[in-house]
Structure formats: C-alpha cells, structure tokens
Amino acid sequence: MTASGYEGKWVLVTGSRRGLGRLMAEHVLRNGGRVAGFARGESTIDHPDYVHFRVDVGDPASVVAGFAELRKVTDSLQIVVNNAAVLTSQYSMIMAPSAARAMLDTNLLGAFLVSREASKLMRRARWGRIISISSMAVSLEPIGDSMYAATKAGLTTMTNVMARELAPLNITCNTLAVSAIATDMLAQLPQEKVAQVVAGLPLPRLAEPDDVFNVLDFLAAERSSYVTAQTIYLGGAN
Ligand SMILES: NC(=O)c1ccc[n+]([C@@H]2O[C@H](COP(=O)([O-])OP(=O)(O)OC[C@H]3O[C@@H](n4cnc5c(N)ncnc54)[C@H](OP(=O)(O)O)[C@@H]3O)[C@@H](O)[C@H]2O)c1
C-alpha cells in the first residue's frame with residue numbers, strides 16, 4: 001500500500017506508549033491516519049490526530065470502558081493492531097504463576113477482548129483489518145519462553161478462527177510475527193541469548209522499524225482484502 005492508505009482511517013494500536021507500538025502509531029500518524037492508543041500508562045505521543053486511552057487490555061472491564069471512551073471520539077474504526085504484550089523469560093519450574101498469568105491475560109486474552117470490541121465497531125461499515133503482533137518464539141520455542149511462546153501461538157490460532165468468523169463482514173485477521181527489534185522488551189533479555197537466536201535466523205540481523213511497517217502496510221491495505229488467516233514471520237524465523 002502506498003503510505004497514504006491510512007488517510008481517513010482510524011487505527012487502534014494497543015501498547016502505543018513504548019517500543020514497537022509507539023513506532024507503529026507514529027508511522028500511521030506520519031502517513032495521514034488517525035490513531036487511538038491503548039496502554040496502561042500515560043500517553044507519550046503528542047500529535048493532533050492521536051488520542052490516548054489508559055486501558056489494561058487484559059482486564060475485560062477496562063477494555064469495555066476504553067471502547068466506550070473511544071466511541072465518544074469516533075464511531076468508526078478500520079484497523080486494529082494488537083501489539084500490547086508482556087514477557088517474563090524464565091524456566092517454567094521457577095516462573096512465578098503471577099508472571100505466567102500476566103502473559104496469558106495481556107498477550108492472548110487482551111487481543112481477544114480488543115478484537116471482539118473492535119469488530120463490533122467495524123461491523124457497521126463492513127470493512128476492517130485486525131493485525132496481531134506475534135513473535136519468532138512460536139517457531140523457535142526458546143527455553144524460558146514456555147508461556148510467552150504459548151500465548152503467541154494461541155494468538156495465531158485465535159486470529160485464524162476469527163478470520164473465518166469475520167470474513168462475511170469483510171474483516172481480515174492476520175498475524176505479524178516479529179523476530180527481534182530494539183525495544184524495552186528486548187533489552188530485558190540476556191543479550192548473548194538474543195545474539196545467538198538472531199544468528200540462527202535465515203536473515204541474521206535485528207528487525208528495523210521499516211521491516212515491520214512494510215508488512216503492517218501490506219496487511220492493512222485495501223488491496224489485501226483476499227489475505228486473511230496468514231502469519232508473516234520477519235527474518236524468515238519460521
Ligand atoms: N521487541 C522484540 O524483540 C519483539 C520480538 C518479538 C515480538 N515482539 C512483540 O512485539 C510487540 C511489542 O513489543 P515491544 O518490544 O514493543 O514491548 P515493550 O517495549 O515492552 O512495550 C510494550 C507496550 O505494551 C504496553 N502494555 C503492556 N501491558 C499492557 C496491558 N496489559 N494493557 C495495555 N498495554 C500494555 C506497554 O505500555 P504500558 O506499560 O504503559 O501498559 C508498552 O506500550 C509485542 O507483542 C511483543 O510480544 C517483540
């Protein structure tokens with residue numbers, strides 16, 4: 001899609017405060033879209049076409065309240081990017097159940113709750129794009145990431161089922177699996193482990209923001225109406 005494909009569209013990005021979510025939100029804004037951002041913390045984006053909502057995506061009441069606020073700003077929504085996620089990388093035997101629960105709630109249930117509410121908004125116009133951010137952890141199954149990888153694998157399955165459910169409404173659902181990109185999430189991991197994993201990729205380098213934008217733009221495009229229930233792995237990580 002040309003960058004102008006976002007013009008006139010509302011794009012909801014979860015986890016828009018930091019990292020990849022912020023980068024994607026700013027990319028959409030640079031290209032003429034309007035962005036609603038969900039995150040637990042305060043906004044970090046100052047732009048006339050950006051509205052921020054403090055939402056914990058893993059909390060059903062918080063998501064419903066966030067969408068109620070969003071509906072006061074717009075009654076239409078074209079694109080959703082399920083990006084918010086948390087990661088605790090730890091051997092399963094010593095992983096705190098609360099950390100495992102947080103990944104399940106944010107990474108999987110959160111995407112479900114947001115997609116569910118978003119599709120109600122998209123239903124009226126019978127057009128929509130739901131793009132969920134996954135990880136190379138699904139295919140690489142790294143030690144320490146049992147729950148994280150499981151939430152991301154679940155995200156793919158959920159996306160593919162929703163793709164069937166929402167196809168009659170002309171809403172596509174796809175997954176963009178990121179390899180490794182410089183953010184707070186990546187910085188919390190042992191860097192030698194990251195380097196080892198990246199070295200094993202068919203394209204052995206970190207992802208750059210534009211690598212993500214390229215696939216995001218493709219999945220969001222009007223022309224991609226026949227692309228659904230697909231997962232694209234950056235860097236060849238599958
Ligand atoms: N970085 C990588 O190398 C990498 C690799 C593969 C996949 N990914 C995926 O890429 C996506 C973005 O990751 P990132 O590296 O940008 O992470 P990050 O730097 O840790 O940022 C996470 C964002 O999500 C928000 N967030 C976390 N929990 C939330 C919740 N319960 N409700 C609402 N917002 C929440 C955070 O804001 P608040 O704390 O204010 O809520 C923050 O804006 C994730 O889906 C991640 O799994 C990243």
# chains A, B, ... in the order shown; residues from 1 in each chain; ligands from 1
call {"tool": "select_by_dssp", "arguments": {"residues": "region 113-221 of chain A", "states": "strand (DSSP E or B)", "output": "PyMOL selection string"}}
result
chain A and resi 128-135+171-178
call {"tool": "write_last_selection", "arguments": {"atoms": "all heavy atoms", "output": "mmCIF file, in the first residue's frame"}}
result
data_model
loop_
_atom_site.group_PDB
_atom_site.id
_atom_site.type_symbol
_atom_site.label_atom_id
_atom_site.label_comp_id
_atom_site.auth_asym_id
_atom_site.auth_seq_id
_atom_site.Cartn_x
_atom_site.Cartn_y
_atom_site.Cartn_z
ATOM 1 N N GLY A 128 -12.728 -4.081 7.693
ATOM 2 C CA GLY A 128 -11.799 -3.987 8.812
ATOM 3 C C GLY A 128 -10.549 -4.828 8.616
ATOM 4 O O GLY A 128 -10.504 -5.743 7.787
ATOM 5 N N ARG A 129 -9.530 -4.455 9.379
ATOM 6 C CA ARG A 129 -8.252 -5.186 9.383
ATOM 7 C C ARG A 129 -7.845 -5.391 10.831
ATOM 8 O O ARG A 129 -7.671 -4.413 11.572
ATOM 9 C CB ARG A 129 -7.159 -4.364 8.678
ATOM 10 C CG ARG A 129 -7.458 -3.994 7.228
ATOM 11 C CD ARG A 129 -7.142 -5.172 6.321
ATOM 12 N NE ARG A 129 -7.361 -4.847 4.914
ATOM 13 C CZ ARG A 129 -8.489 -5.114 4.256
ATOM 14 N NH1 ARG A 129 -9.519 -5.677 4.864
ATOM 15 N NH2 ARG A 129 -8.596 -4.814 2.971
ATOM 16 N N ILE A 130 -7.689 -6.633 11.239
ATOM 17 C CA ILE A 130 -7.181 -6.927 12.577
ATOM 18 C C ILE A 130 -5.802 -7.574 12.411
ATOM 19 O O ILE A 130 -5.682 -8.630 11.775
ATOM 20 C CB ILE A 130 -8.151 -7.839 13.356
ATOM 21 C CG1 ILE A 130 -9.508 -7.127 13.538
ATOM 22 C CG2 ILE A 130 -7.546 -8.219 14.714
ATOM 23 C CD1 ILE A 130 -10.587 -7.962 14.215
ATOM 24 N N ILE A 131 -4.807 -6.909 12.934
ATOM 25 C CA ILE A 131 -3.421 -7.362 12.769
ATOM 26 C C ILE A 131 -2.838 -7.595 14.165
ATOM 27 O O ILE A 131 -2.820 -6.682 14.993
ATOM 28 C CB ILE A 131 -2.602 -6.293 12.000
ATOM 29 C CG1 ILE A 131 -3.224 -6.048 10.610
ATOM 30 C CG2 ILE A 131 -1.130 -6.723 11.885
ATOM 31 C CD1 ILE A 131 -2.804 -4.750 9.952
ATOM 32 N N SER A 132 -2.417 -8.813 14.418
ATOM 33 C CA SER A 132 -1.916 -9.143 15.756
ATOM 34 C C SER A 132 -0.415 -9.416 15.697
ATOM 35 O O SER A 132 0.065 -10.137 14.804
ATOM 36 C CB SER A 132 -2.676 -10.348 16.320
ATOM 37 O OG SER A 132 -4.029 -9.973 16.529
ATOM 38 N N ILE A 133 0.284 -8.826 16.650
ATOM 39 C CA ILE A 133 1.746 -8.929 16.648
ATOM 40 C C ILE A 133 2.188 -10.163 17.439
ATOM 41 O O ILE A 133 1.938 -10.280 18.639
ATOM 42 C CB ILE A 133 2.394 -7.656 17.243
ATOM 43 C CG1 ILE A 133 1.920 -6.393 16.505
ATOM 44 C CG2 ILE A 133 3.916 -7.771 17.205
ATOM 45 C CD1 ILE A 133 2.257 -6.329 15.020
ATOM 46 N N SER A 134 2.816 -11.060 16.722
ATOM 47 C CA SER A 134 3.293 -12.297 17.327
ATOM 48 C C SER A 134 4.822 -12.275 17.404
ATOM 49 O O SER A 134 5.440 -11.201 17.341
ATOM 50 C CB SER A 134 2.779 -13.487 16.523
ATOM 51 O OG SER A 134 3.178 -14.695 17.121
ATOM 52 N N SER A 135 5.401 -13.422 17.526
ATOM 53 C CA SER A 135 6.842 -13.494 17.785
ATOM 54 C C SER A 135 7.457 -14.735 17.153
ATOM 55 O O SER A 135 6.795 -15.774 17.005
ATOM 56 C CB SER A 135 7.062 -13.556 19.298
ATOM 57 O OG SER A 135 8.395 -13.892 19.592
ATOM 58 N N ILE A 171 -13.840 -8.338 7.135
ATOM 59 C CA ILE A 171 -12.779 -8.018 8.096
ATOM 60 C C ILE A 171 -11.723 -9.117 7.989
ATOM 61 O O ILE A 171 -12.049 -10.303 8.139
ATOM 62 C CB ILE A 171 -13.327 -7.962 9.543
ATOM 63 C CG1 ILE A 171 -14.386 -6.861 9.669
ATOM 64 C CG2 ILE A 171 -12.190 -7.760 10.547
ATOM 65 C CD1 ILE A 171 -15.153 -6.896 10.999
ATOM 66 N N THR A 172 -10.498 -8.719 7.690
ATOM 67 C CA THR A 172 -9.425 -9.713 7.632
ATOM 68 C C THR A 172 -8.669 -9.741 8.961
ATOM 69 O O THR A 172 -8.613 -8.744 9.679
ATOM 70 C CB THR A 172 -8.422 -9.410 6.497
ATOM 71 O OG1 THR A 172 -7.750 -8.180 6.786
ATOM 72 C CG2 THR A 172 -9.121 -9.334 5.151
ATOM 73 N N CYS A 173 -8.112 -10.906 9.269
ATOM 74 C CA CYS A 173 -7.378 -11.096 10.528
ATOM 75 C C CYS A 173 -6.061 -11.807 10.212
ATOM 76 O O CYS A 173 -6.082 -12.929 9.687
ATOM 77 C CB CYS A 173 -8.184 -11.959 11.496
ATOM 78 S SG CYS A 173 -9.832 -11.326 11.854
ATOM 79 N N ASN A 174 -4.963 -11.162 10.513
ATOM 80 C CA ASN A 174 -3.652 -11.733 10.206
ATOM 81 C C ASN A 174 -2.680 -11.499 11.358
ATOM 82 O O ASN A 174 -2.924 -10.668 12.233
ATOM 83 C CB ASN A 174 -3.095 -11.101 8.927
ATOM 84 C CG ASN A 174 -3.895 -11.487 7.696
ATOM 85 O OD1 ASN A 174 -3.820 -12.625 7.231
ATOM 86 N ND2 ASN A 174 -4.675 -10.555 7.162
ATOM 87 N N THR A 175 -1.578 -12.234 11.297
ATOM 88 C CA THR A 175 -0.574 -12.160 12.358
ATOM 89 C C THR A 175 0.774 -11.765 11.769
ATOM 90 O O THR A 175 1.209 -12.338 10.762
ATOM 91 C CB THR A 175 -0.440 -13.544 13.042
ATOM 92 O OG1 THR A 175 -1.753 -14.016 13.361
ATOM 93 C CG2 THR A 175 0.354 -13.458 14.314
ATOM 94 N N LEU A 176 1.405 -10.810 12.429
ATOM 95 C CA LEU A 176 2.747 -10.363 12.020
ATOM 96 C C LEU A 176 3.712 -10.803 13.120
ATOM 97 O O LEU A 176 3.678 -10.264 14.229
ATOM 98 C CB LEU A 176 2.734 -8.839 11.865
ATOM 99 C CG LEU A 176 3.857 -8.115 11.143
ATOM 100 C CD1 LEU A 176 3.561 -6.612 11.098
ATOM 101 C CD2 LEU A 176 5.229 -8.367 11.651
ATOM 102 N N ALA A 177 4.533 -11.783 12.817
ATOM 103 C CA ALA A 177 5.448 -12.327 13.825
ATOM 104 C C ALA A 177 6.808 -11.637 13.710
ATOM 105 O O ALA A 177 7.512 -11.789 12.707
ATOM 106 C CB ALA A 177 5.591 -13.837 13.654
ATOM 107 N N VAL A 178 7.123 -10.881 14.751
ATOM 108 C CA VAL A 178 8.359 -10.101 14.748
ATOM 109 C C VAL A 178 9.516 -11.007 15.176
ATOM 110 O O VAL A 178 9.336 -11.916 16.001
ATOM 111 C CB VAL A 178 8.198 -8.899 15.712
ATOM 112 C CG1 VAL A 178 9.497 -8.117 15.845
ATOM 113 C CG2 VAL A 178 7.073 -7.993 15.228
#
call {"tool": "residues_near_ligand", "arguments": {"ligand": "ligand 1", "cutoff": "6 Å", "atoms": "only C-alpha atoms and all ligand atoms", "output": "PDB file with C-alpha atoms, in the first residue's frame"}}
result
ATOM      1  CA  THR A  14      -2.515  -1.330  21.755  1.00  0.00           C
ATOM      2  CA  GLY A  15       0.671  -0.815  23.724  1.00  0.00           C
ATOM      3  CA  SER A  16       1.252   2.518  21.994  1.00  0.00           C
ATOM      4  CA  ARG A  17       3.297   4.089  24.797  1.00  0.00           C
ATOM      5  CA  ARG A  18       6.624   2.451  24.108  1.00  0.00           C
ATOM      6  CA  GLY A  19       8.551   0.223  21.752  1.00  0.00           C
ATOM      7  CA  LEU A  20       7.032  -1.145  18.611  1.00  0.00           C
ATOM      8  CA  GLY A  21       3.519   0.075  19.422  1.00  0.00           C
ATOM      9  CA  PHE A  38      -4.352   1.904  24.454  1.00  0.00           C
ATOM     10  CA  ALA A  39      -1.789   1.429  27.224  1.00  0.00           C
ATOM     11  CA  ARG A  40      -1.827   1.261  30.998  1.00  0.00           C
ATOM     12  CA  GLY A  41       0.351   4.348  31.368  1.00  0.00           C
ATOM     13  CA  VAL A  55      -6.576   0.680  29.254  1.00  0.00           C
ATOM     14  CA  ASP A  56      -5.323  -2.602  30.634  1.00  0.00           C
ATOM     15  CA  VAL A  57      -6.102  -4.887  27.703  1.00  0.00           C
ATOM     16  CA  GLY A  58      -6.135  -7.949  29.951  1.00  0.00           C
ATOM     17  CA  ASN A  83       0.536  -5.159  19.919  1.00  0.00           C
ATOM     18  CA  ALA A  84       0.441  -4.903  23.731  1.00  0.00           C
ATOM     19  CA  ALA A  85       2.311  -7.737  25.384  1.00  0.00           C
ATOM     20  CA  VAL A  86       4.433  -8.568  28.381  1.00  0.00           C
ATOM     21  CA  THR A 106      -2.227  -9.378  28.223  1.00  0.00           C
ATOM     22  CA  ILE A 133       1.746  -8.929  16.648  1.00  0.00           C
ATOM     23  CA  SER A 134       3.293 -12.297  17.327  1.00  0.00           C
ATOM     24  CA  SER A 135       6.842 -13.494  17.785  1.00  0.00           C
ATOM     25  CA  MET A 136       9.503 -15.791  16.403  1.00  0.00           C
ATOM     26  CA  VAL A 178       8.359 -10.101  14.748  1.00  0.00           C
ATOM     27  CA  SER A 179      11.872 -11.502  15.019  1.00  0.00           C
ATOM     28  CA  ALA A 180      13.841  -9.236  17.386  1.00  0.00           C
ATOM     29  CA  ILE A 181      13.749  -5.450  17.447  1.00  0.00           C
ATOM     30  CA  ALA A 182      15.395  -2.968  19.796  1.00  0.00           C
ATOM     31  CA  THR A 183      12.787  -2.112  22.472  1.00  0.00           C
ATOM     32  CA  ASP A 184      12.477  -2.288  26.262  1.00  0.00           C
ATOM     33  CA  MET A 185      11.194  -5.857  25.908  1.00  0.00           C
ATOM     34  CA  LEU A 186      14.299  -6.975  24.033  1.00  0.00           C
TER      35      LEU A 186
END
call {"tool": "select_by_dssp", "arguments": {"residues": "region 53-176 of chain A", "states": "helix (DSSP H, G or I)", "output": "PyMOL selection string"}}
result
chain A and resi 60-73+92-94+97-125+137-140+146-169
call {"tool": "closest_atom_pairs", "arguments": {"of": "region 30-131 of chain A", "to": "region 142-150 of chain A", "cutoff": "7 Å", "atoms": "only C-alpha atoms", "output": "tab-separated table"}}
result
residue	atom	partner	partner_atom	distance
A:Leu87	CA	A:Tyr148	CA	6.3
A:Ser89	CA	A:Gly144	CA	4.8
A:Gln90	CA	A:Gly144	CA	4.2
A:Tyr91	CA	A:Gly144	CA	4.5
A:Ser92	CA	A:Gly144	CA	6.6
A:Ala100	CA	A:Met147	CA	6.1
A:Met103	CA	A:Tyr148	CA	6.3
call {"tool": "atom_distance", "arguments": {"atom1": "CA of His52 (chain A)", "atom2": "CA of Ala36 (chain A)"}}
result
5.8 Å
call {"tool": "atom_distance", "arguments": {"atom1": "CA of Lys9 (chain A)", "atom2": "CA of Glu165 (chain A)"}}
result
22.8 Å
call {"tool": "closest_residue", "arguments": {"among": "A:Leu216, A:Leu104, A:Ala187, A:Ala237", "to": "Glu141 (chain A)", "atoms": "only C-alpha atoms"}}
result
A:Ala237
call {"tool": "closest_residue", "arguments": {"among": "A:Leu189, A:Met158, A:Val11, A:Ala199", "to": "Ala229 (chain A)", "atoms": "only C-alpha atoms"}}
result
A:Met158
call {"tool": "atom_distance", "arguments": {"atom1": "CA of Arg34 (chain A)", "atom2": "CA of Leu206 (chain A)"}}
result
28.5 Å
call {"tool": "residues_around", "arguments": {"residues": "Lys120 (chain A)", "least_positions_apart": "6", "cutoff": "12 Å", "atoms": "only C-alpha atoms", "output": "list in words"}}
result
Val64, Phe67, Ala68, Arg71, Asp75, Ser76, Leu77, Gln78, Leu113, Val114, Arg126, Trp127, Gly128, Leu166, Leu169 and Ile171 of chain A
call {"tool": "write_last_selection", "arguments": {"atoms": "C-alpha atoms", "output": "CSV table (one decimal), in the first residue's frame"}}
result
chain,number,residue,atom,x,y,z
A,64,VAL,CA,-15.1,-2.1,27.6
A,67,PHE,CA,-14.1,1.4,23.8
A,68,ALA,CA,-16.9,3.5,25.4
A,71,ARG,CA,-16.8,5.8,20.8
A,75,ASP,CA,-18.0,5.7,15.8
A,76,SER,CA,-15.9,4.1,13.1
A,77,LEU,CA,-12.7,2.0,13.3
A,78,GLN,CA,-10.9,0.5,10.4
A,113,LEU,CA,-11.1,-8.7,24.1
A,114,VAL,CA,-9.8,-5.8,21.9
A,126,ARG,CA,-18.4,-4.0,6.8
A,127,TRP,CA,-14.7,-3.4,6.5
A,128,GLY,CA,-11.8,-4.0,8.8
A,166,LEU,CA,-15.4,-12.2,10.5
A,169,LEU,CA,-18.1,-8.7,7.4
A,171,ILE,CA,-12.8,-8.0,8.1
